[in-house]
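K.L.:
Data file model.cif (mmCIF, C-alpha atoms and all ligand atoms) is appended below.
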data_final
#
loop_
_atom_site.label_atom_id
_atom_site.label_comp_id
_atom_site.auth_asym_id
_atom_site.auth_seq_id
_atom_site.Cartn_x
_atom_site.Cartn_y
_atom_site.Cartn_z
CA MET A 1 -27.14 -5.22 -12.89
CA GLU A 2 -23.80 -6.92 -13.27
CA LYS A 3 -21.83 -7.34 -10.09
CA LYS A 4 -18.79 -5.10 -9.92
CA LYS A 5 -15.38 -6.75 -9.82
CA GLN A 6 -13.79 -7.07 -6.39
CA VAL A 7 -10.61 -5.10 -5.74
CA LEU A 8 -8.41 -5.58 -2.68
CA SER A 9 -5.16 -4.07 -1.54
CA CYS A 10 -3.37 -3.58 1.74
CA ILE A 11 -0.73 -1.36 3.26
CA GLN A 12 1.47 -1.76 6.31
CA PRO A 13 1.19 0.73 9.17
CA THR A 14 4.72 2.04 9.15
CA GLY A 15 4.61 5.76 9.89
CA ASP A 16 4.21 8.72 7.54
CA LEU A 17 2.50 8.67 4.16
CA HIS A 18 4.73 10.28 1.51
CA PHE A 19 4.12 11.45 -2.03
CA GLY A 20 5.78 8.32 -3.42
CA ASN A 21 3.13 6.17 -1.66
CA TYR A 22 0.41 8.59 -2.61
CA PHE A 23 1.06 9.06 -6.33
CA GLY A 24 2.41 5.53 -6.72
CA ALA A 25 -0.42 3.66 -5.01
CA VAL A 26 -2.95 5.31 -2.74
CA LYS A 27 -4.28 7.85 -5.26
CA ASN A 28 -4.98 4.94 -7.56
CA TRP A 29 -6.88 3.18 -4.74
CA VAL A 30 -8.99 6.30 -4.31
CA ASP A 31 -9.85 6.40 -8.03
CA LEU A 32 -10.62 2.67 -8.23
CA GLN A 33 -13.44 3.16 -5.73
CA GLU A 34 -15.53 4.68 -8.54
CA LYS A 35 -15.45 1.62 -10.71
CA TYR A 36 -15.09 -1.42 -8.46
CA ASP A 37 -16.11 -2.91 -5.13
CA CYS A 38 -13.02 -2.10 -3.12
CA VAL A 39 -11.68 -3.20 0.22
CA TYR A 40 -8.45 -1.83 1.60
CA GLY A 41 -6.70 -3.13 4.67
CA VAL A 42 -4.21 -1.76 7.12
CA VAL A 43 -2.19 -4.89 7.79
CA ASP A 44 -0.87 -4.74 11.32
CA TYR A 45 -0.09 -8.47 11.51
CA HIS A 46 2.29 -7.98 8.60
CA ALA A 47 3.99 -5.12 10.42
CA MET A 48 5.13 -7.57 13.12
CA THR A 49 7.35 -9.51 10.74
CA MET A 50 10.19 -7.00 10.94
CA PRO A 51 11.67 -5.60 14.16
CA TYR A 52 8.98 -3.25 15.50
CA ASP A 53 7.90 -1.43 18.65
CA PRO A 54 4.76 -2.92 20.26
CA LYS A 55 4.09 0.41 21.99
CA LYS A 56 3.81 2.16 18.65
CA LEU A 57 1.90 -0.33 16.51
CA ARG A 58 -1.63 0.71 17.51
CA THR A 59 -0.84 4.39 17.20
CA ASN A 60 0.68 3.84 13.76
CA THR A 61 -2.32 1.81 12.65
CA TRP A 62 -4.78 4.56 13.61
CA GLU A 63 -2.50 7.21 12.15
CA LEU A 64 -2.51 5.44 8.80
CA ILE A 65 -6.29 5.02 8.93
CA PHE A 66 -6.70 8.78 9.40
CA ASN A 67 -4.20 9.45 6.62
CA LEU A 68 -6.00 7.17 4.19
CA LEU A 69 -9.36 8.73 5.01
CA ALA A 70 -7.93 12.23 4.61
CA VAL A 71 -6.73 11.53 1.07
CA GLY A 72 -10.05 10.08 -0.03
CA ILE A 73 -10.42 6.40 0.86
CA LYS A 74 -14.02 5.80 1.89
CA GLU A 75 -14.47 4.65 5.46
CA GLU A 76 -16.79 1.78 4.50
CA ASN A 77 -13.99 0.33 2.35
CA LEU A 78 -11.37 0.25 5.10
CA PHE A 79 -10.56 -2.48 7.55
CA ILE A 80 -7.90 -3.24 10.13
CA GLN A 81 -6.44 -6.71 9.68
CA SER A 82 -6.25 -7.66 13.35
CA LEU A 83 -9.97 -6.93 13.75
CA ILE A 84 -10.64 -9.78 11.31
CA PRO A 85 -9.01 -12.85 12.87
CA GLU A 86 -10.21 -15.02 9.98
CA HIS A 87 -7.22 -13.78 7.96
CA SER A 88 -4.76 -15.44 10.28
CA GLU A 89 -6.90 -18.55 10.59
CA LEU A 90 -7.01 -18.92 6.81
CA CYS A 91 -3.28 -18.27 6.77
CA TRP A 92 -2.72 -21.38 8.89
CA ILE A 93 -4.85 -23.48 6.56
CA PHE A 94 -2.99 -22.06 3.56
CA ASN A 95 0.33 -22.89 5.21
CA CYS A 96 -0.60 -26.49 4.65
CA PHE A 97 -1.15 -25.79 0.94
CA THR A 98 2.08 -23.87 0.44
CA SER A 99 5.44 -25.15 -0.65
CA TYR A 100 8.14 -24.34 1.89
CA GLY A 101 10.73 -24.16 -0.89
CA MET A 102 8.75 -21.52 -2.72
CA LEU A 103 8.63 -19.34 0.39
CA THR A 104 12.38 -19.49 0.85
CA ARG A 105 12.78 -18.35 -2.78
CA MET A 106 10.69 -15.18 -2.39
CA THR A 107 12.80 -12.14 -3.25
CA GLN A 108 11.26 -10.00 -0.54
CA PHE A 109 12.05 -12.64 2.08
CA LYS A 110 15.65 -12.78 0.95
CA ASP A 111 16.00 -8.98 0.85
CA LYS A 112 14.36 -8.44 4.21
CA SER A 113 16.37 -11.21 5.84
CA ILE A 114 19.52 -9.40 4.81
CA GLN A 115 18.07 -6.07 5.98
CA ASN A 116 17.20 -7.68 9.32
CA LYS A 117 20.66 -9.11 9.73
CA GLU A 118 22.24 -5.76 8.98
CA SER A 119 19.98 -3.65 11.19
CA GLY A 120 19.01 -5.98 14.06
CA ALA A 121 21.66 -6.49 16.65
CA ASP A 122 20.47 -10.02 17.40
CA ASN A 123 20.40 -11.55 13.92
CA PHE A 124 16.79 -12.60 14.32
CA ILE A 125 14.72 -13.71 11.33
CA SER A 126 11.24 -14.78 12.36
CA ALA A 127 9.15 -17.55 10.84
CA GLY A 128 6.57 -14.78 10.41
CA LEU A 129 8.81 -13.12 7.84
CA LEU A 130 8.97 -16.35 5.87
CA ASP A 131 5.23 -16.81 6.17
CA TYR A 132 4.42 -13.19 5.24
CA PRO A 133 3.25 -13.99 1.68
CA VAL A 134 0.90 -16.72 2.90
CA LEU A 135 -0.88 -14.23 5.13
CA GLN A 136 -0.99 -11.91 2.13
CA ALA A 137 -2.61 -14.70 0.09
CA ALA A 138 -5.22 -15.07 2.85
CA ASP A 139 -5.89 -11.29 2.76
CA ILE A 140 -6.57 -11.52 -0.95
CA LEU A 141 -8.38 -14.84 -1.34
CA ILE A 142 -10.66 -14.45 1.67
CA TYR A 143 -12.50 -11.68 -0.23
CA ARG A 144 -12.40 -13.55 -3.56
CA ALA A 145 -10.58 -10.55 -5.02
CA ASP A 146 -10.49 -10.37 -8.84
CA TYR A 147 -7.93 -7.58 -8.94
CA VAL A 148 -5.11 -6.56 -6.66
CA PRO A 149 -3.57 -3.16 -7.39
CA VAL A 150 0.06 -3.45 -6.35
CA GLY A 151 3.47 -2.49 -7.64
CA LYS A 152 5.78 -4.74 -9.63
CA ASP A 153 7.65 -5.68 -6.45
CA GLN A 154 4.59 -7.63 -5.32
CA GLU A 155 4.14 -9.69 -8.50
CA GLN A 156 5.90 -12.70 -6.98
CA HIS A 157 3.55 -12.65 -3.99
CA LEU A 158 0.54 -12.51 -6.32
CA GLU A 159 1.92 -15.48 -8.21
CA LEU A 160 2.18 -17.37 -4.93
CA SER A 161 -1.42 -16.46 -4.07
CA ARG A 162 -2.59 -17.93 -7.39
CA ASN A 163 -0.48 -20.98 -6.70
CA ILE A 164 -2.05 -21.52 -3.30
CA ALA A 165 -5.54 -21.00 -4.75
CA GLN A 166 -4.87 -23.54 -7.49
CA ARG A 167 -3.46 -26.11 -5.14
CA PHE A 168 -6.40 -25.64 -2.79
CA ASN A 169 -8.95 -25.87 -5.61
CA HIS A 170 -7.27 -28.98 -6.93
CA GLN A 171 -7.15 -30.71 -3.57
CA VAL A 172 -10.79 -30.03 -2.69
CA GLY A 173 -11.88 -30.80 -6.25
CA LYS A 174 -13.71 -27.52 -6.79
CA GLU A 175 -12.99 -24.17 -8.45
CA PHE A 176 -13.52 -22.50 -5.10
CA PHE A 177 -11.05 -19.62 -5.06
CA VAL A 178 -10.91 -16.99 -7.76
CA LEU A 179 -7.38 -16.62 -9.15
CA PRO A 180 -6.50 -13.00 -8.39
CA GLU A 181 -4.91 -10.83 -11.05
CA THR A 182 -2.52 -7.97 -10.56
CA LEU A 183 -4.06 -4.68 -11.57
CA TYR A 184 -1.39 -2.54 -13.13
CA THR A 185 -2.06 1.13 -13.61
CA GLU A 186 0.42 3.50 -15.13
CA VAL A 187 1.59 5.43 -12.08
CA PRO A 188 4.27 8.09 -11.80
CA LYS A 189 7.54 6.96 -10.32
CA VAL A 190 8.42 9.52 -7.69
CA MET A 191 12.06 9.72 -6.68
CA SER A 192 13.82 11.11 -3.62
CA PRO A 193 14.36 14.88 -3.89
CA ALA A 194 17.76 14.48 -2.26
CA ALA A 195 18.89 11.53 -4.39
CA PRO A 196 16.76 11.49 -7.55
CA ASN A 197 18.22 8.20 -8.74
CA LYS A 198 16.55 6.42 -5.85
CA LYS A 199 12.85 5.82 -5.25
CA MET A 200 11.23 8.08 -2.66
CA SER A 201 11.30 6.04 0.53
CA LYS A 202 11.19 6.41 4.28
CA SER A 203 13.96 3.90 4.81
CA LEU A 204 16.48 6.20 3.10
CA GLY A 205 16.00 8.87 5.78
CA GLU A 206 14.01 12.04 6.37
CA LYS A 207 15.32 14.18 3.56
CA HIS A 208 14.43 11.51 1.02
CA TYR A 209 10.68 11.71 1.32
CA ILE A 210 8.04 14.42 1.26
CA ASN A 211 5.25 13.89 3.74
CA VAL A 212 1.73 14.16 2.31
CA PHE A 213 0.77 16.01 5.50
CA GLY A 214 4.00 17.95 5.76
CA GLU A 215 4.33 21.56 6.88
CA GLU A 216 4.38 24.12 4.09
CA ALA A 217 7.76 25.58 5.09
CA ARG A 218 9.40 22.19 5.15
CA ILE A 219 8.02 21.17 1.76
CA ARG A 220 9.17 24.44 0.18
CA LYS A 221 12.59 23.91 1.67
CA GLN A 222 12.79 20.33 0.43
CA ILE A 223 11.88 21.36 -3.12
CA LYS A 224 14.19 24.35 -3.04
CA SER A 225 17.11 22.13 -2.13
CA ALA A 226 16.08 19.27 -4.42
CA VAL A 227 19.09 17.94 -6.31
CA THR A 228 18.94 18.97 -9.97
CA ASP A 229 22.31 17.81 -11.16
CA THR A 230 23.42 14.33 -10.20
CA GLY A 231 26.60 14.60 -12.21
CA GLU A 232 25.71 11.48 -14.18
CA THR A 233 23.60 13.02 -16.90
CA LYS A 234 24.60 12.40 -20.49
CA GLU A 235 24.78 15.22 -23.01
CA GLY A 236 21.32 16.19 -24.26
CA GLU A 237 19.53 14.13 -21.60
CA MET A 238 17.29 15.55 -18.89
CA SER A 239 18.83 14.98 -15.46
CA ALA A 240 17.06 12.68 -13.00
CA GLY A 241 16.33 15.55 -10.62
CA ILE A 242 14.62 17.64 -13.31
CA VAL A 243 12.69 14.61 -14.55
CA ASN A 244 11.48 14.09 -11.00
CA LEU A 245 10.31 17.70 -10.64
CA PHE A 246 8.39 17.46 -13.90
CA THR A 247 6.93 14.13 -12.75
CA LEU A 248 5.66 15.72 -9.56
CA LEU A 249 4.16 18.66 -11.43
CA LYS A 250 2.32 16.33 -13.77
CA ALA A 251 1.18 14.09 -10.92
CA CYS A 252 -0.35 17.18 -9.29
CA GLU A 253 -2.31 17.69 -12.53
CA LYS A 254 -0.68 21.02 -13.31
CA THR A 255 -0.85 20.32 -17.03
CA GLU A 256 -0.56 23.88 -18.27
CA ALA A 257 2.38 24.81 -16.09
CA HIS A 258 3.98 21.49 -17.04
CA ALA A 259 3.60 22.22 -20.77
CA ALA A 260 4.89 25.79 -20.48
CA LEU A 261 7.94 24.80 -18.44
CA MET A 262 8.65 21.92 -20.79
CA LEU A 263 8.71 24.39 -23.69
CA ASP A 264 11.20 26.48 -21.74
CA TYR A 265 13.31 23.39 -21.19
CA GLU A 266 13.24 22.46 -24.87
CA SER A 267 14.24 25.93 -25.96
CA GLY A 268 17.02 25.96 -23.38
CA ASN A 269 15.41 28.72 -21.32
CA LEU A 270 14.26 26.80 -18.28
CA LYS A 271 15.09 28.43 -14.98
CA TYR A 272 15.25 25.80 -12.26
CA VAL A 273 13.84 28.26 -9.72
CA ASP A 274 10.67 28.60 -11.80
CA LEU A 275 10.22 24.85 -12.04
CA LYS A 276 10.86 24.44 -8.32
CA GLN A 277 8.45 27.24 -7.48
CA ALA A 278 5.71 25.60 -9.54
CA VAL A 279 6.31 22.18 -7.96
CA ALA A 280 6.39 23.57 -4.42
CA ASP A 281 3.14 25.49 -5.03
CA ALA A 282 1.45 22.39 -6.45
CA LEU A 283 2.51 20.16 -3.56
CA VAL A 284 1.57 22.75 -0.96
CA GLU A 285 -1.85 23.10 -2.57
CA LYS A 286 -2.34 19.34 -2.10
CA THR A 287 -1.02 19.18 1.44
CA THR A 288 -3.18 22.14 2.47
CA ILE A 289 -6.30 20.25 1.42
CA PHE A 290 -5.13 16.98 2.98
CA ARG A 291 -4.10 18.64 6.24
CA ALA A 292 -7.43 20.39 6.58
CA LYS A 293 -9.30 17.15 5.96
CA LYS A 294 -7.14 15.29 8.45
CA ALA A 295 -7.65 17.96 11.12
CA GLU A 296 -11.39 17.74 10.58
CA LEU A 297 -11.33 13.94 10.96
CA GLN A 298 -9.13 14.19 14.03
CA SER A 299 -11.54 16.54 15.74
CA ASN A 300 -13.93 13.59 15.68
CA LYS A 301 -11.45 10.92 16.62
CA LYS A 302 -13.71 8.71 18.63
CA GLU A 303 -16.52 8.72 16.14
CA ILE A 304 -14.20 7.97 13.21
CA LYS A 305 -12.54 5.12 15.09
CA ASN A 306 -15.95 3.64 15.77
CA LYS A 307 -16.87 3.92 12.13
CA ILE A 308 -13.75 2.03 11.11
CA LYS A 309 -14.44 -0.66 13.70
CA HIS A 310 -17.92 -0.93 12.28
CA ALA A 311 -16.62 -1.10 8.70
CA SER A 312 -14.22 -3.88 9.76
CA TYR A 313 -17.15 -5.68 11.38
CA GLU A 314 -19.15 -5.49 8.15
CA ILE A 315 -16.21 -6.53 5.96
CA ARG A 316 -15.52 -9.37 8.39
CA LYS A 317 -18.82 -10.98 7.42
CA GLN A 318 -17.42 -11.74 3.96
CA ALA A 319 -14.30 -13.21 5.52
CA GLN A 320 -16.36 -15.36 7.87
CA ALA A 321 -18.49 -16.68 5.02
CA THR A 322 -15.41 -17.72 3.03
CA LEU A 323 -13.74 -19.33 6.04
CA LYS A 324 -16.86 -21.31 6.88
CA GLU A 325 -16.87 -22.84 3.41
CA VAL A 326 -13.14 -23.48 3.58
CA LYS A 327 -13.57 -25.38 6.83
CA ASP A 328 -16.35 -27.46 5.32
CA LEU A 329 -14.20 -28.24 2.30
CA THR A 330 -11.11 -29.14 4.31
CA GLY A 331 -12.76 -31.28 6.97
CA LEU A 332 -12.35 -28.84 9.85
CA MET A 333 -15.10 -28.12 12.35
CA ASN A 334 -17.59 -25.28 12.17
CA VAL A 335 -19.41 -24.40 15.35
CA ARG A 336 -22.55 -22.35 15.49
CA PHE A 337 -22.68 -20.40 18.72
N1 LIG B 1 3.03 -6.94 0.93
C1 LIG B 1 2.35 -5.73 0.63
C2 LIG B 1 3.35 -4.58 0.54
O1 LIG B 1 4.37 -4.63 1.19
C3 LIG B 1 1.29 -5.40 1.67
C4 LIG B 1 0.17 -6.40 1.64
C5 LIG B 1 -0.17 -7.27 2.65
C6 LIG B 1 -0.74 -6.58 0.58
N2 LIG B 1 -1.27 -7.99 2.28
C7 LIG B 1 -1.65 -7.59 1.03
C8 LIG B 1 -0.89 -5.99 -0.67
C9 LIG B 1 -2.68 -8.02 0.20
C10 LIG B 1 -1.92 -6.43 -1.49
C11 LIG B 1 -2.81 -7.44 -1.05
O2 LIG B 1 3.11 -3.64 -0.16
#
Please, can you express the file's structure as structure tokens?
P.N.:
Amino acid sequence: MEKKKQVLSCIQPTGDLHFGNYFGAVKNWVDLQEKYDCVYGVVDYHAMTMPYDPKKLRTNTWELIFNLLAVGIKEENLFIQSLIPEHSELCWIFNCFTSYGMLTRMTQFKDKSIQNKESGADNFISAGLLDYPVLQAADILIYRADYVPVGKDQEQHLELSRNIAQRFNHQVGKEFFVLPETLYTEVPKVMSPAAPNKKMSKSLGEKHYINVFGEEARIRKQIKSAVTDTGETKEGEMSAGIVNLFTLLKACEKTEAHAALMLDYESGNLKYVDLKQAVADALVEKTTIFRAKKAELQSNKKEIKNKIKHASYEIRKQAQATLKEVKDLTGLMNVRF
């Protein structure tokens, strides 16, 4: 039997999971598990690169683990980055194969530096923020990932990972690292219900995102008050708010309702309340399932946590094997205890 291709992706533990994350990324991760060998990481080391609260990091990490499990990620495919110290060790080695100039030119570094300056009172930009993409390259290359499902905003980081791999391979005179490819899947672009010209995001504030585990009443309220007219729509064009509601309906796989309401729209008979009702029902149907699953997992907290530690332990073996070879190739020491 042919070996399945290796897929890897990671997500930072920064609070709630919203429908933008879910439909835009995590649902795709769930589906990819059918076809590929997948590993997904919760990257807590990455979460330290922006101002953060040490008291909350562990809680957020576990919270995200439970959220990912509740929406369908398999526990054996999940790891926590800080349980696999080889990532940060490989990151150091990669630092010595990375161009400093390239790091300073990363768009995300530039954007986040500005964000940091604006939000942080003390103007502090850590070397960790600059080094962020090198750690990301280590996350990817340590598992010899063929495909990395990420959004367009991460393309530059993927390019850097390939660059590091090539430089490494060249220097050690061996095609050691696989050059990872970005795996693009057509995913719906979910916008903020309160400002449908902007992407759904936590950083915009509470009314701009719909929590995947949100309370029914709150979700209904958010959809009810979703902005339908942004005042910028051209004659004969569907407004961004309506597009977004249709997007959500389709993402929830309500194909029939979607088709019927679209016909209403085309014949000029669409009542916004009907569309909103359908979207709210569809989202609530999803959250009801996810909430039940999460509650079930949380009633077994200790056992689930142990399973994830065990999964990380198993996944770590791959990381250790890669690092051992890297140390041999680069002239570093390997000790057998
Ligand atoms: N930088 C990614 C993001 O912000 C998160 C990430 C860290 C990642 N390491 C990774 C994504 C490795 C893919 C592969 O979304």
K.L.:
Any idea what the distance is between atom CA of Val39 of chain A and atom CA of Thr322 of chain A?
P.N.:
15.3 Å
K.L.:
Would you kindly return, as a PyMOL selection string, each protein, DNA or RNA residue with an atom no farther than 12 Å from any atom of Ser99 of chain A, considering only C-alpha atoms and excluding same-chain residues fewer than 2 positions away?
P.N.:
chain A and resi 94-97+101-106+130-131+133-134+160-161+163-164+167
K.L.:
Could you give me, as a PyMOL selection string, every polymer residue with an atom at most 10 Å away from an atom of ligand LIG 1 (chain B), counting only C-alpha atoms and all ligand atoms?
P.N.:
chain A and resi 7-13+21+25+39-47+81+108+132-141+145+147-155+157-158+161+180+182
K.L.:
Those same residues, written as a PDB file, keeping the file's coordinate frame with C-alpha atoms?
P.N.:
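Final output, part-v6.pdb:
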ATOM      1  CA  VAL A   7     -10.610  -5.100  -5.740  1.00  0.00           C
ATOM      2  CA  LEU A   8      -8.410  -5.580  -2.680  1.00  0.00           C
ATOM      3  CA  SER A   9      -5.160  -4.070  -1.540  1.00  0.00           C
ATOM      4  CA  CYS A  10      -3.370  -3.580   1.740  1.00  0.00           C
ATOM      5  CA  ILE A  11      -0.730  -1.360   3.260  1.00  0.00           C
ATOM      6  CA  GLN A  12       1.470  -1.760   6.310  1.00  0.00           C
ATOM      7  CA  PRO A  13       1.190   0.730   9.170  1.00  0.00           C
ATOM      8  CA  ASN A  21       3.130   6.170  -1.660  1.00  0.00           C
ATOM      9  CA  ALA A  25      -0.420   3.660  -5.010  1.00  0.00           C
ATOM     10  CA  VAL A  39     -11.680  -3.200   0.220  1.00  0.00           C
ATOM     11  CA  TYR A  40      -8.450  -1.830   1.600  1.00  0.00           C
ATOM     12  CA  GLY A  41      -6.700  -3.130   4.670  1.00  0.00           C
ATOM     13  CA  VAL A  42      -4.210  -1.760   7.120  1.00  0.00           C
ATOM     14  CA  VAL A  43      -2.190  -4.890   7.790  1.00  0.00           C
ATOM     15  CA  ASP A  44      -0.870  -4.740  11.320  1.00  0.00           C
ATOM     16  CA  TYR A  45      -0.090  -8.470  11.510  1.00  0.00           C
ATOM     17  CA  HIS A  46       2.290  -7.980   8.600  1.00  0.00           C
ATOM     18  CA  ALA A  47       3.990  -5.120  10.420  1.00  0.00           C
ATOM     19  CA  GLN A  81      -6.440  -6.710   9.680  1.00  0.00           C
ATOM     20  CA  GLN A 108      11.260 -10.000  -0.540  1.00  0.00           C
ATOM     21  CA  TYR A 132       4.420 -13.190   5.240  1.00  0.00           C
ATOM     22  CA  PRO A 133       3.250 -13.990   1.680  1.00  0.00           C
ATOM     23  CA  VAL A 134       0.900 -16.720   2.900  1.00  0.00           C
ATOM     24  CA  LEU A 135      -0.880 -14.230   5.130  1.00  0.00           C
ATOM     25  CA  GLN A 136      -0.990 -11.910   2.130  1.00  0.00           C
ATOM     26  CA  ALA A 137      -2.610 -14.700   0.090  1.00  0.00           C
ATOM     27  CA  ALA A 138      -5.220 -15.070   2.850  1.00  0.00           C
ATOM     28  CA  ASP A 139      -5.890 -11.290   2.760  1.00  0.00           C
ATOM     29  CA  ILE A 140      -6.570 -11.520  -0.950  1.00  0.00           C
ATOM     30  CA  LEU A 141      -8.380 -14.840  -1.340  1.00  0.00           C
ATOM     31  CA  ALA A 145     -10.580 -10.550  -5.020  1.00  0.00           C
ATOM     32  CA  TYR A 147      -7.930  -7.580  -8.940  1.00  0.00           C
ATOM     33  CA  VAL A 148      -5.110  -6.560  -6.660  1.00  0.00           C
ATOM     34  CA  PRO A 149      -3.570  -3.160  -7.390  1.00  0.00           C
ATOM     35  CA  VAL A 150       0.060  -3.450  -6.350  1.00  0.00           C
ATOM     36  CA  GLY A 151       3.470  -2.490  -7.640  1.00  0.00           C
ATOM     37  CA  LYS A 152       5.780  -4.740  -9.630  1.00  0.00           C
ATOM     38  CA  ASP A 153       7.650  -5.680  -6.450  1.00  0.00           C
ATOM     39  CA  GLN A 154       4.590  -7.630  -5.320  1.00  0.00           C
ATOM     40  CA  GLU A 155       4.140  -9.690  -8.500  1.00  0.00           C
ATOM     41  CA  HIS A 157       3.550 -12.650  -3.990  1.00  0.00           C
ATOM     42  CA  LEU A 158       0.540 -12.510  -6.320  1.00  0.00           C
ATOM     43  CA  SER A 161      -1.420 -16.460  -4.070  1.00  0.00           C
ATOM     44  CA  PRO A 180      -6.500 -13.000  -8.390  1.00  0.00           C
ATOM     45  CA  THR A 182      -2.520  -7.970 -10.560  1.00  0.00           C
TER      46      THR A 182
END
K.L.:
How many Å lie between atom CA of Pro54 of chain A and atom CA of Ser119 of chain A, rounded to one decimal?
P.N.:
17.7 Å
K.L.:
Let me make sure I understand: among A:Glu2, A:Glu86, A:Glu75, A:Glu314, which one has the smallest atom-to-atom distance to Val326 of chain A if we use all atoms listed in the file?
P.N.:
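Under the stated criterion, the closest residue is A:Glu86.
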K.L.:
At what distance in Å, to one decimal, does atom CA of Glu253 of chain A lie from atom CA of Asp274 of chain A?
P.N.:
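Computing it gives 17.0 Å between the two atoms.
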K.L.:
Between A:Lys307, A:Lys301, A:Asn169, A:Ala282, which is the closest to Thr255 of chain A once you count all atoms listed in the file?
P.N.:
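Of all the options, A:Ala282 lies closest to Thr255 of chain A.
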K.L.:
Find the spatial neighbours of Ala295 of chain A, counting only C-alpha atoms, within a cut-off of 12 Å - ignore same-chain residues fewer than 2 positions away - and output them as a PyMOL selection string.
P.N.:
chain A and resi 63+66-67+69-71+213+287-293+297-301
K.L.:
Ranking A:Lys56, A:His18, A:His170, A:Lys5 by minimum distance to Leu283 of chain A and counting all atoms listed in the file, which one comes first?
P.N.:
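Distance minimum relative to Leu283 of chain A lands on A:His18.
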